[in-house]
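File shown here: model_6.txt, holding compact mmCIF, C-alpha atoms and all ligand atoms.
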```txt
# COMPACT_ATOMS: atom_id res chain seq x y z
CA MET P 29 66.55 93.68 67.81
CA ALA P 30 65.03 95.42 64.82
CA GLU P 31 61.83 97.37 65.38
CA PRO P 32 58.81 95.79 63.74
CA SER P 33 58.49 97.65 60.47
CA PRO P 34 55.72 97.64 57.86
CA ALA P 35 58.34 96.19 55.49
CA SER P 36 58.34 93.08 57.66
CA TRP P 37 55.08 91.61 56.42
CA THR P 38 53.48 88.24 55.85
CA VAL P 39 51.05 87.29 53.09
CA ALA P 40 48.18 87.55 55.59
CA ASP P 41 49.19 91.16 56.35
CA VAL P 42 49.27 92.37 52.75
CA GLU P 43 46.07 90.51 51.91
CA ALA P 44 44.20 91.94 54.90
CA ASP P 45 45.27 95.51 54.17
CA ARG P 46 45.54 96.38 50.51
CA SER P 47 46.41 100.02 50.99
CA TRP P 48 49.70 99.33 49.16
CA ILE P 49 47.64 99.32 45.93
CA TYR P 50 47.30 102.77 44.38
CA PRO P 51 44.67 103.07 41.65
CA LEU P 52 45.23 105.97 39.29
CA SER P 53 41.96 107.75 38.51
CA ALA P 54 40.77 107.81 34.92
CA ALA P 55 41.35 111.56 34.75
CA HIS P 56 44.91 111.28 36.07
CA GLY P 57 45.65 108.38 33.73
CA ALA P 58 44.35 110.43 30.82
CA SER P 59 46.57 113.36 31.79
CA LEU P 60 49.58 111.02 31.92
CA LEU P 61 48.87 109.78 28.41
CA ALA P 62 48.23 113.31 27.15
CA ALA P 63 51.61 114.38 28.56
CA VAL P 64 53.32 111.59 26.62
CA ARG P 65 51.43 112.20 23.39
CA GLY P 66 52.06 115.92 23.61
CA ALA P 67 55.78 115.63 24.34
CA GLY P 68 56.96 115.36 20.75
CA ASP P 69 58.86 112.80 18.70
CA LEU P 70 58.32 109.39 20.31
CA ASP P 71 61.32 107.98 18.49
CA LYS P 72 63.75 110.33 20.18
CA PRO P 73 66.43 108.41 22.18
CA ILE P 74 65.22 108.11 25.76
CA LEU P 75 68.29 109.78 27.23
CA ALA P 76 67.46 112.93 25.25
CA TRP P 77 64.19 113.48 27.12
CA ARG P 78 64.09 115.94 30.02
CA ARG P 79 61.95 115.78 33.10
CA ASP P 80 60.17 118.99 32.10
CA ASP P 81 59.21 117.55 28.71
CA PHE P 82 56.37 115.72 30.48
CA ASP P 83 53.70 117.60 32.38
CA ILE P 84 52.45 114.71 34.52
CA GLY P 85 51.58 116.88 37.51
CA ALA P 86 48.02 115.58 38.00
CA ALA P 87 49.25 112.00 38.43
CA ILE P 88 52.11 112.94 40.77
CA PRO P 89 50.29 112.63 44.15
CA THR P 90 49.20 109.03 43.51
CA LEU P 91 52.63 108.07 42.21
CA ALA P 92 54.37 109.88 45.08
CA ALA P 93 52.21 108.00 47.60
CA ALA P 94 53.27 104.72 45.96
CA PHE P 95 56.95 105.70 46.18
CA ALA P 96 56.47 106.63 49.85
CA GLU P 97 55.00 103.16 50.45
CA VAL P 98 58.10 101.64 48.88
CA ARG P 99 60.43 103.66 51.09
CA ASP P 100 58.60 103.81 54.41
CA GLY P 101 55.83 101.26 54.17
CA ARG P 102 55.71 97.73 52.93
CA GLY P 103 58.53 98.10 50.41
CA MET P 104 56.21 97.32 47.53
CA ALA P 105 53.46 99.23 45.79
CA LEU P 106 51.21 98.53 42.87
CA VAL P 107 49.93 101.44 40.82
CA LYS P 108 46.94 100.39 38.76
CA ASN P 109 45.28 101.84 35.68
CA LEU P 110 48.16 103.27 33.68
CA PRO P 111 46.45 103.94 30.34
CA ARG P 112 46.74 100.86 28.14
CA ASP P 113 43.73 100.63 25.80
CA GLY P 114 44.67 102.04 22.42
CA VAL P 115 48.16 102.85 23.70
CA THR P 116 51.10 101.71 21.57
CA PRO P 117 54.13 99.95 23.06
CA ALA P 118 56.23 103.04 22.27
CA GLU P 119 53.79 105.31 24.10
CA PHE P 120 53.57 102.95 27.07
CA ARG P 121 57.34 102.66 27.23
CA LEU P 122 57.74 106.44 27.15
CA MET P 123 55.08 106.82 29.85
CA SER P 124 57.14 104.52 32.08
CA TRP P 125 60.24 106.59 31.31
CA ALA P 126 58.41 109.87 32.01
CA ILE P 127 57.40 108.60 35.45
CA GLY P 128 61.03 107.70 36.12
CA LEU P 129 62.21 111.17 35.09
CA HIS P 130 59.99 112.67 37.76
CA PHE P 131 60.99 110.36 40.58
CA GLY P 132 64.71 109.76 40.39
CA VAL P 133 67.72 109.05 38.24
CA ALA P 134 67.43 105.95 36.07
CA ARG P 135 70.37 103.56 36.23
CA PRO P 136 71.93 101.34 33.57
CA GLN P 137 70.91 97.71 33.77
CA ASN P 138 73.14 95.52 31.63
CA ARG P 139 76.27 95.07 29.55
CA ALA P 140 74.86 97.44 26.90
CA SER P 141 74.29 100.08 29.63
CA ASP P 142 70.58 100.32 28.76
CA TYR P 143 68.53 102.58 31.00
CA LEU P 144 65.13 101.12 30.15
CA THR P 145 64.77 97.46 29.27
CA GLU P 146 62.02 95.46 27.73
CA VAL P 147 61.21 92.39 29.81
CA LYS P 148 60.40 89.90 27.10
CA ASP P 149 61.35 86.35 26.19
CA VAL P 150 64.00 86.56 23.49
CA GLY P 151 65.23 83.02 24.07
CA VAL P 152 67.99 83.69 26.60
CA THR P 153 68.98 80.79 28.89
CA TYR P 154 68.63 82.04 32.46
CA ARG P 155 71.06 79.49 33.97
CA SER P 156 73.94 80.25 31.61
CA PRO P 157 76.98 82.09 33.06
CA THR P 158 75.86 85.39 31.51
CA GLY P 159 72.10 84.70 31.41
CA ARG P 160 69.65 87.38 32.50
CA GLY P 161 66.18 86.33 33.61
CA TYR P 162 64.38 89.30 32.09
CA SER P 163 65.19 88.08 28.57
CA SER P 164 63.93 84.53 29.18
CA ASN P 165 60.62 82.80 29.86
CA ALA P 166 62.12 80.79 32.73
CA GLU P 167 61.00 80.65 36.32
CA LEU P 168 63.23 83.06 38.22
CA ASP P 169 64.70 82.61 41.68
CA PHE P 170 64.00 85.14 44.37
CA HIS P 171 66.40 88.03 44.00
CA VAL P 172 66.86 91.77 44.34
CA ASP P 173 67.75 93.98 41.40
CA SER P 174 70.83 96.18 41.49
CA ALA P 175 69.41 99.64 42.15
CA ASP P 176 67.46 101.30 44.98
CA VAL P 177 64.08 100.83 43.37
CA VAL P 178 62.76 98.82 40.43
CA LEU P 179 59.69 99.78 38.39
CA LEU P 180 57.99 97.20 36.23
CA SER P 181 55.16 98.37 33.99
CA CYS P 182 53.02 95.75 32.30
CA TYR P 183 51.99 96.23 28.67
CA ASN P 184 51.04 92.62 27.85
CA GLN P 185 50.74 89.65 30.18
CA ALA P 186 51.30 86.01 29.11
CA PRO P 187 48.20 83.83 28.67
CA VAL P 188 49.73 81.18 30.97
CA GLY P 189 52.07 81.78 33.91
CA GLY P 190 54.29 84.81 34.46
CA MET P 191 53.06 85.29 38.02
CA SER P 192 55.06 87.81 40.09
CA MET P 193 56.09 86.85 43.61
CA CYS P 194 57.29 89.13 46.38
CA ALA P 195 58.59 88.32 49.84
CA SER P 196 59.83 90.46 52.71
CA ALA P 197 63.52 89.96 53.46
CA ALA P 198 63.00 91.37 56.95
CA THR P 199 60.36 88.75 57.70
CA ALA P 200 62.43 85.91 56.28
CA TYR P 201 65.57 86.99 58.13
CA ALA P 202 63.66 87.22 61.42
CA VAL P 203 62.32 83.68 60.87
CA VAL P 204 65.81 82.35 60.14
CA LYS P 205 67.15 84.12 63.23
CA ALA P 206 64.46 82.55 65.41
CA GLU P 207 64.74 79.04 63.94
CA ARG P 208 68.43 78.81 63.04
CA PRO P 209 70.56 81.56 64.57
CA ASP P 210 73.67 79.84 63.16
CA TYR P 211 72.29 80.29 59.63
CA ALA P 212 71.31 83.90 60.35
CA ALA P 213 74.93 84.53 61.36
CA ALA P 214 76.18 82.86 58.17
CA LEU P 215 73.89 85.05 56.02
CA ALA P 216 75.68 88.09 57.45
CA THR P 217 79.07 86.86 56.18
CA GLY P 218 80.50 87.70 52.75
CA TYR P 219 79.15 85.76 49.74
CA ALA P 220 80.77 86.19 46.34
CA PHE P 221 78.44 87.41 43.56
CA SER P 222 79.34 87.19 39.87
CA ARG P 223 78.84 90.21 37.65
CA ASN P 224 77.87 87.71 34.95
CA GLY P 225 80.34 89.13 32.45
CA GLU P 226 78.64 92.55 32.50
CA GLU P 227 81.39 94.29 34.45
CA ALA P 228 82.75 97.67 33.37
CA GLU P 229 86.47 98.01 32.62
CA ASP P 230 87.22 99.21 36.14
CA GLU P 231 85.16 96.50 37.85
CA ALA P 232 86.21 93.01 38.93
CA PRO P 233 84.17 90.04 37.64
CA TRP P 234 82.85 89.40 41.14
CA TYR P 235 82.45 91.03 44.53
CA ALA P 236 81.63 89.84 48.03
CA THR P 237 78.86 91.13 50.26
CA PRO P 238 76.59 89.62 52.93
CA ILE P 239 73.15 88.33 51.95
CA CYS P 240 71.61 90.02 54.99
CA SER P 241 72.87 93.08 56.85
CA VAL P 242 71.22 95.22 59.51
CA GLU P 243 71.77 98.98 59.43
CA ASP P 244 69.92 101.38 61.73
CA GLY P 245 67.62 98.54 62.73
CA ARG P 246 66.60 97.78 59.13
CA VAL P 247 67.33 94.59 57.25
CA PHE P 248 69.11 95.06 53.93
CA CYS P 249 69.11 92.04 51.69
CA LYS P 250 71.10 91.09 48.64
CA TRP P 251 70.09 87.69 47.38
CA ASN P 252 70.60 86.23 43.93
CA ARG P 253 71.25 82.50 43.70
CA ASN P 254 72.30 82.57 40.06
CA ARG P 255 75.02 85.12 40.69
CA ILE P 256 76.33 83.32 43.78
CA GLN P 257 76.45 80.01 41.90
CA ASN P 258 78.08 81.63 38.86
CA ALA P 259 80.72 83.24 41.08
CA GLN P 260 81.77 79.81 42.33
CA LYS P 261 83.04 79.06 38.81
CA LEU P 262 85.25 82.16 38.65
CA ALA P 263 88.98 82.16 39.38
CA GLY P 264 89.98 83.42 42.81
CA VAL P 265 86.53 83.15 44.38
CA PRO P 266 86.62 81.50 47.82
CA PRO P 267 84.44 78.39 47.89
CA LEU P 268 81.25 78.68 49.92
CA THR P 269 81.48 77.04 53.30
CA GLN P 270 79.06 74.29 54.22
CA VAL P 271 77.19 76.54 56.62
CA GLN P 272 76.97 79.32 54.00
CA ARG P 273 75.44 76.84 51.54
CA GLU P 274 72.95 75.53 54.07
CA ALA P 275 72.08 79.05 55.23
CA MET P 276 71.23 80.26 51.73
CA GLU P 277 69.08 77.21 51.06
CA TYR P 278 67.28 77.69 54.35
CA PHE P 279 66.71 81.40 53.69
CA ASP P 280 65.35 80.65 50.22
CA ALA P 281 63.03 77.97 51.60
CA VAL P 282 61.71 80.42 54.21
CA LEU P 283 61.00 82.96 51.45
CA ARG P 284 58.97 80.33 49.63
CA ARG P 285 56.81 79.33 52.56
CA PRO P 286 53.20 80.12 51.58
CA LYS P 287 52.81 82.48 54.51
CA ASN P 288 55.77 84.58 53.28
CA MET P 289 55.53 84.44 49.48
CA PHE P 290 52.93 86.78 48.05
CA CYS P 291 51.82 86.10 44.47
CA MET P 292 50.35 88.69 42.16
CA HIS P 293 49.45 88.64 38.53
CA LEU P 294 50.41 91.91 36.90
CA ALA P 295 47.73 93.04 34.49
CA PRO P 296 48.21 95.32 31.49
CA GLY P 297 48.38 98.87 32.89
CA ASP P 298 49.85 97.79 36.22
CA LEU P 299 53.03 99.38 37.53
CA GLN P 300 54.83 97.46 40.25
CA ILE P 301 57.39 99.37 42.32
CA LEU P 302 59.73 97.53 44.69
CA CYS P 303 62.44 98.47 47.14
CA ASN P 304 65.49 96.37 46.29
CA GLN P 305 66.79 96.45 49.83
CA THR P 306 63.91 94.88 51.68
CA MET P 307 61.82 93.24 49.01
CA LEU P 308 62.70 90.10 47.10
CA HIS P 309 60.98 89.22 43.87
CA SER P 310 60.68 86.32 41.47
CA ARG P 311 58.48 85.14 38.65
CA THR P 312 56.99 81.88 37.48
CA SER P 313 57.74 80.56 34.00
CA PHE P 314 55.28 81.44 31.28
CA GLN P 315 53.94 80.32 27.94
CA ASP P 316 53.77 83.20 25.56
CA HIS P 317 51.18 84.29 23.07
CA ALA P 318 51.68 83.13 19.48
CA ASP P 319 51.08 86.65 18.06
CA ALA P 320 54.21 88.78 18.13
CA ASP P 321 52.27 91.90 19.14
CA LYS P 322 50.59 90.14 22.06
CA LYS P 323 53.71 88.64 23.62
CA ARG P 324 54.36 89.26 27.30
CA THR P 325 55.93 92.71 27.46
CA LEU P 326 56.93 94.72 30.49
CA TYR P 327 59.21 97.71 30.83
CA ARG P 328 61.78 97.77 33.56
CA LEU P 329 63.34 100.83 35.05
CA TRP P 330 65.89 101.02 37.85
CA LEU P 331 65.94 104.25 39.84
CA ALA P 332 68.21 105.94 42.33
CA ARG P 333 65.89 107.99 44.54
CA PRO P 334 66.36 111.41 46.11
CA ASP P 335 65.13 110.09 49.48
CA SER P 336 67.19 106.89 49.49
CA ARG P 337 68.61 105.64 52.78
CA ARG P 338 72.22 105.11 53.75
CA LEU P 339 73.29 101.61 52.77
CA PRO P 340 75.43 99.19 54.76
CA GLU P 341 79.11 99.89 54.08
CA SER P 342 79.53 96.47 52.46
CA TRP P 343 77.17 97.52 49.65
CA SER P 344 79.54 100.22 48.33
CA VAL P 345 81.35 97.67 46.18
CA TYR P 346 78.44 97.36 43.80
CA PHE P 347 76.38 100.50 44.52
CA GLY P 348 79.40 102.77 44.03
CA THR P 349 78.53 104.70 47.18
CA VAL P 350 76.41 104.10 50.27
CA GLU P 351 75.57 107.81 50.66
CA PRO P 352 71.84 108.56 50.82
CA GLY P 353 70.23 110.66 48.08
CA THR P 354 73.06 110.02 45.62
CA VAL P 355 73.04 108.65 42.10
CA ARG P 356 74.11 105.10 42.90
CA GLY P 357 73.51 101.51 41.90
CA GLY P 358 72.77 99.98 38.52
CA MET P 359 75.18 98.11 36.31
CA LYS P 360 77.42 100.51 34.49
CA GLY P 361 78.04 97.90 31.84
CA GLN P 362 80.35 98.45 28.88
CA HIS P 363 78.77 101.46 27.20
CA TYR P 364 78.71 103.97 30.02
CA ASP P 365 79.70 106.91 27.82
CA ASP P 366 79.50 110.72 27.86
CA GLU P 367 75.87 110.67 26.77
CA ARG P 368 75.02 108.59 29.84
CA ARG P 369 77.23 110.63 32.16
CA GLN P 370 75.57 113.82 30.96
CA PHE P 371 72.12 112.31 31.41
CA ASP P 372 73.00 111.31 34.97
CA ALA P 373 74.30 114.80 35.81
CA ARG P 374 71.36 116.62 34.20
CA GLN P 375 68.76 114.36 35.73
CA ALA P 376 70.42 114.46 39.18
CA GLU P 377 70.13 118.23 39.09
CA ALA P 378 66.49 118.06 37.97
CA VAL P 379 65.51 115.91 40.96
CA GLY P 380 67.92 117.41 43.49
CA MET P 381 70.39 114.56 43.88
CA LYS P 382 74.15 114.33 44.19
CA VAL P 383 76.23 112.52 41.60
CA ALA P 384 78.55 110.10 43.36
FE FE W 401 64.54 91.29 38.97
```
The structure in this file should be written as structure tokens.
Ligand SMILES: [Fe+2]
Amino acid sequence: MAEPSPASWTVADVEADRSWIYPLSAAHGASLLAAVRGAGDLDKPILAWRRDDFDIGAAIPTLAAAFAEVRDGRGMALVKNLPRDGVTPAEFRLMSWAIGLHFGVARPQNRASDYLTEVKDVGVTYRSPTGRGYSSNAELDFHVDSADVVLLSCYNQAPVGGMSMCASAATAYAVVKAERPDYAAALATGYAFSRNGEEAEDEAPWYATPICSVEDGRVFCKWNRNRIQNAQKLAGVPPLTQVQREAMEYFDAVLRRPKNMFCMHLAPGDLQILCNQTMLHSRTSFQDHADADKKRTLYRLWLARPDSRRLPESWSVYFGTVEPGTVRGGMKGQHYDDERRQFDARQAEAVGMKVA
């Protein structure tokens, strides 16, 4: 039986105690912006920046407390008050990147092997075989992203919709275990996930891993309906069994129960940080602003963290390694070149991590 952990929360818990929200003081926000504005040429490619290019020291304690919450606390943290007024998208984007440089090694996120992506509706169809939700305006299913931690910084919010939802996998798994132990057992069996056509040359188009695993008493969750459904269309993928299908529907329904699904509306200047092992996230659909420069815009960063935990062995197939404190996770994609390898090595050294 897993120990009750702060990551196993209900909506009532996170509403009653909001200490997972970390407001940045005006002075610390100003120092963050000054560090970005003083760093040099904003148009420089992001992989060319070094950790020491940004003197963000004053803001570090608040950000570090938020990262500690993500690792040891509720698995989610919200940093408020990143400077936004009078800040350009390029400055805001670089601020997000500078934070990442101080707290881990960014990981590639897509076929193009991008290390920092803009979350914006560019007309992509989420339900297509290669569709990615972050480039659409669609409602997204609950899922985890493919790196230890995801950072989402909000530059512009949509006028209608675009609500962020979070749910604790540990809570949902415990509920399934109590109500339907047969489904809990099925969730611990291998499910095939599609790589949605973003696989690197040395990767297969799909891999199998459980939706829920328990390691050292902690629940580790990998849930992504789209990728499981897409995998079912690929050659050689074993069909889901009836109980696997029912179990995933049940799990998803438990996540969506009002007592488990926490909704938040990210405001400009908010930075959401989530643990992709215990925290599931989703988003409602949105209607965007008519003005191009007011359209919903967030910046997404995936990080491998120096204090990451050991992963269940079954996760090695898509994290590369389960070793703690290593550069792991992400989607290598099809442009993982020397520039990216050198960035990974340099940045791993800067934050004291091992390259897998
Ligand atoms: Fe996501």
Which residue out of P:Asp365, P:Glu97, P:Asp280, P:Glu167 has the minimum interatomic distance to P:Arg311 when only C-alpha atoms are used?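 Result for the nearest residue to P:Arg311: P:Glu167.
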Please identify all protein, DNA and RNA residues within 12 Å of ligand FE 401 (chain W), counting only C-alpha atoms and all ligand atoms, and report them as number ranges by chain. P: 137, 145, 147, 160-164, 167-175, 177-180, 192-194, 250-252, 254, 300-304, 307-311, 326-330, 358
Can you write just those residues out, C-alpha atoms, as an mmCIF file, keeping the file's coordinate frame?
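Dumped to selection_0.cif:
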```
data_model
loop_
_atom_site.group_PDB
_atom_site.id
_atom_site.type_symbol
_atom_site.label_atom_id
_atom_site.label_comp_id
_atom_site.auth_asym_id
_atom_site.auth_seq_id
_atom_site.Cartn_x
_atom_site.Cartn_y
_atom_site.Cartn_z
ATOM 1 C CA GLN P 137 70.910 97.710 33.770
ATOM 2 C CA THR P 145 64.770 97.460 29.270
ATOM 3 C CA VAL P 147 61.210 92.390 29.810
ATOM 4 C CA ARG P 160 69.650 87.380 32.500
ATOM 5 C CA GLY P 161 66.180 86.330 33.610
ATOM 6 C CA TYR P 162 64.380 89.300 32.090
ATOM 7 C CA SER P 163 65.190 88.080 28.570
ATOM 8 C CA SER P 164 63.930 84.530 29.180
ATOM 9 C CA GLU P 167 61.000 80.650 36.320
ATOM 10 C CA LEU P 168 63.230 83.060 38.220
ATOM 11 C CA ASP P 169 64.700 82.610 41.680
ATOM 12 C CA PHE P 170 64.000 85.140 44.370
ATOM 13 C CA HIS P 171 66.400 88.030 44.000
ATOM 14 C CA VAL P 172 66.860 91.770 44.340
ATOM 15 C CA ASP P 173 67.750 93.980 41.400
ATOM 16 C CA SER P 174 70.830 96.180 41.490
ATOM 17 C CA ALA P 175 69.410 99.640 42.150
ATOM 18 C CA VAL P 177 64.080 100.830 43.370
ATOM 19 C CA VAL P 178 62.760 98.820 40.430
ATOM 20 C CA LEU P 179 59.690 99.780 38.390
ATOM 21 C CA LEU P 180 57.990 97.200 36.230
ATOM 22 C CA SER P 192 55.060 87.810 40.090
ATOM 23 C CA MET P 193 56.090 86.850 43.610
ATOM 24 C CA CYS P 194 57.290 89.130 46.380
ATOM 25 C CA LYS P 250 71.100 91.090 48.640
ATOM 26 C CA TRP P 251 70.090 87.690 47.380
ATOM 27 C CA ASN P 252 70.600 86.230 43.930
ATOM 28 C CA ASN P 254 72.300 82.570 40.060
ATOM 29 C CA GLN P 300 54.830 97.460 40.250
ATOM 30 C CA ILE P 301 57.390 99.370 42.320
ATOM 31 C CA LEU P 302 59.730 97.530 44.690
ATOM 32 C CA CYS P 303 62.440 98.470 47.140
ATOM 33 C CA ASN P 304 65.490 96.370 46.290
ATOM 34 C CA MET P 307 61.820 93.240 49.010
ATOM 35 C CA LEU P 308 62.700 90.100 47.100
ATOM 36 C CA HIS P 309 60.980 89.220 43.870
ATOM 37 C CA SER P 310 60.680 86.320 41.470
ATOM 38 C CA ARG P 311 58.480 85.140 38.650
ATOM 39 C CA LEU P 326 56.930 94.720 30.490
ATOM 40 C CA TYR P 327 59.210 97.710 30.830
ATOM 41 C CA ARG P 328 61.780 97.770 33.560
ATOM 42 C CA LEU P 329 63.340 100.830 35.050
ATOM 43 C CA TRP P 330 65.890 101.020 37.850
ATOM 44 C CA GLY P 358 72.770 99.980 38.520
#
```
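Among the candidates P:Gly57, P:Gly132, P:Pro209, P:Gly357, the residue lying nearest to P:Val271 is P:Pro209 (atoms considered: only C-alpha atoms).
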Interatomic distance, atom CA of P:Pro187 to atom CA of P:Arg324 (Å, one decimal):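 Rounded to one decimal, the two atoms are 8.3 Å apart.
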Using only C-alpha atoms, the best pick from P:Asp321, P:Glu243, P:Asp210, P:Asp230 as closest to P:Val345 would be P:Asp230
Excluding P:Tyr364 and any residue of its chain fewer than 4 positions from it, enumerate the residues within 12 Å of it, using only C-alpha atoms, and give them as an NGL selection string. :P and (135-143 or 226-230 or 358-360 or 368-372)
Pick out the residues sitting within 10 Å of P:Arg374, and hand them over as a list in words; count only C-alpha atoms, and ignore anything fewer than 4 positions along from it in its own chain. Arg78, Arg79, Val133, Arg368, Arg369, Gln370, Ala378, Val379, Gly380, Met381 and Val383 of chain P
Could the residues in this selection be written to a file with C-alpha atoms, as a compact mmCIF listing (two decimals), in the coordinates of the input?
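See out.txt below for the written result:
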```txt
# COMPACT_ATOMS: atom_id res chain seq x y z
CA ARG P 78 64.09 115.94 30.02
CA ARG P 79 61.95 115.78 33.10
CA VAL P 133 67.72 109.05 38.24
CA ARG P 368 75.02 108.59 29.84
CA ARG P 369 77.23 110.63 32.16
CA GLN P 370 75.57 113.82 30.96
CA ALA P 378 66.49 118.06 37.97
CA VAL P 379 65.51 115.91 40.96
CA GLY P 380 67.92 117.41 43.49
CA MET P 381 70.39 114.56 43.88
CA VAL P 383 76.23 112.52 41.60
```
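Counting from atom CA of P:Asp69, the distance to atom CA of P:Lys108 is 26.4 Å.
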Select, from P:Gly103, P:Pro34, P:Gly114, P:Gly190, the residue with the minimum atom-to-atom distance to P:Asp316, counting all atoms listed in the file.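 Comparing P:Gly103, P:Pro34, P:Gly114, P:Gly190 against P:Asp316, the winner is P:Gly190.
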Point-to-point distance from atom CA of P:Leu61 to atom CA of P:Asp81, Å rounded to tenths: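 Computing it gives 12.9 Å between the two atoms.
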Hey, could you patch up stretch 31-47 of chain P with N, CA and C atoms and hand it over as a PDB file, in the frame of the given file?
```
ATOM      1  N   GLU P  31      63.227  96.990  65.118  1.00  0.00           N
ATOM      2  CA  GLU P  31      61.830  97.370  65.380  1.00  0.00           C
ATOM      3  C   GLU P  31      60.936  96.705  64.350  1.00  0.00           C
ATOM      4  N   PRO P  32      59.719  96.293  64.765  1.00  0.00           N
ATOM      5  CA  PRO P  32      58.810  95.790  63.740  1.00  0.00           C
ATOM      6  C   PRO P  32      58.538  96.910  62.732  1.00  0.00           C
ATOM      7  N   SER P  33      58.682  96.612  61.483  1.00  0.00           N
ATOM      8  CA  SER P  33      58.490  97.650  60.470  1.00  0.00           C
ATOM      9  C   SER P  33      57.428  97.159  59.496  1.00  0.00           C
ATOM     10  N   PRO P  34      56.717  98.082  58.845  1.00  0.00           N
ATOM     11  CA  PRO P  34      55.720  97.640  57.860  1.00  0.00           C
ATOM     12  C   PRO P  34      56.334  96.824  56.725  1.00  0.00           C
ATOM     13  N   ALA P  35      57.670  96.978  56.544  1.00  0.00           N
ATOM     14  CA  ALA P  35      58.340  96.190  55.490  1.00  0.00           C
ATOM     15  C   ALA P  35      58.499  94.735  55.899  1.00  0.00           C
ATOM     16  N   SER P  36      58.239  94.457  57.170  1.00  0.00           N
ATOM     17  CA  SER P  36      58.340  93.080  57.660  1.00  0.00           C
ATOM     18  C   SER P  36      56.928  92.480  57.685  1.00  0.00           C
ATOM     19  N   TRP P  37      56.464  92.078  56.514  1.00  0.00           N
ATOM     20  CA  TRP P  37      55.080  91.610  56.420  1.00  0.00           C
ATOM     21  C   TRP P  37      54.986  90.134  56.059  1.00  0.00           C
ATOM     22  N   THR P  38      53.794  89.593  56.320  1.00  0.00           N
ATOM     23  CA  THR P  38      53.480  88.240  55.850  1.00  0.00           C
ATOM     24  C   THR P  38      52.368  88.369  54.800  1.00  0.00           C
ATOM     25  N   VAL P  39      52.108  87.283  54.115  1.00  0.00           N
ATOM     26  CA  VAL P  39      51.050  87.290  53.090  1.00  0.00           C
ATOM     27  C   VAL P  39      49.720  87.713  53.715  1.00  0.00           C
ATOM     28  N   ALA P  40      49.446  87.200  54.930  1.00  0.00           N
ATOM     29  CA  ALA P  40      48.180  87.550  55.590  1.00  0.00           C
ATOM     30  C   ALA P  40      48.084  89.066  55.793  1.00  0.00           C
ATOM     31  N   ASP P  41      49.208  89.701  56.129  1.00  0.00           N
ATOM     32  CA  ASP P  41      49.190  91.160  56.350  1.00  0.00           C
ATOM     33  C   ASP P  41      48.826  91.915  55.071  1.00  0.00           C
ATOM     34  N   VAL P  42      49.493  91.567  53.967  1.00  0.00           N
ATOM     35  CA  VAL P  42      49.270  92.370  52.750  1.00  0.00           C
ATOM     36  C   VAL P  42      47.954  92.006  52.057  1.00  0.00           C
ATOM     37  N   GLU P  43      47.406  90.841  52.436  1.00  0.00           N
ATOM     38  CA  GLU P  43      46.070  90.510  51.910  1.00  0.00           C
ATOM     39  C   GLU P  43      44.984  91.203  52.738  1.00  0.00           C
ATOM     40  N   ALA P  44      45.221  91.322  54.029  1.00  0.00           N
ATOM     41  CA  ALA P  44      44.200  91.940  54.900  1.00  0.00           C
ATOM     42  C   ALA P  44      44.114  93.443  54.666  1.00  0.00           C
ATOM     43  N   ASP P  45      45.240  94.054  54.364  1.00  0.00           N
ATOM     44  CA  ASP P  45      45.270  95.510  54.170  1.00  0.00           C
ATOM     45  C   ASP P  45      45.903  95.796  52.818  1.00  0.00           C
ATOM     46  N   ARG P  46      45.050  96.190  51.884  1.00  0.00           N
ATOM     47  CA  ARG P  46      45.540  96.380  50.510  1.00  0.00           C
ATOM     48  C   ARG P  46      45.840  97.839  50.203  1.00  0.00           C
ATOM     49  N   SER P  47      46.150  98.595  51.228  1.00  0.00           N
ATOM     50  CA  SER P  47      46.410 100.020  50.990  1.00  0.00           C
ATOM     51  C   SER P  47      47.753 100.257  50.285  1.00  0.00           C
TER      52      SER P  47
END
```
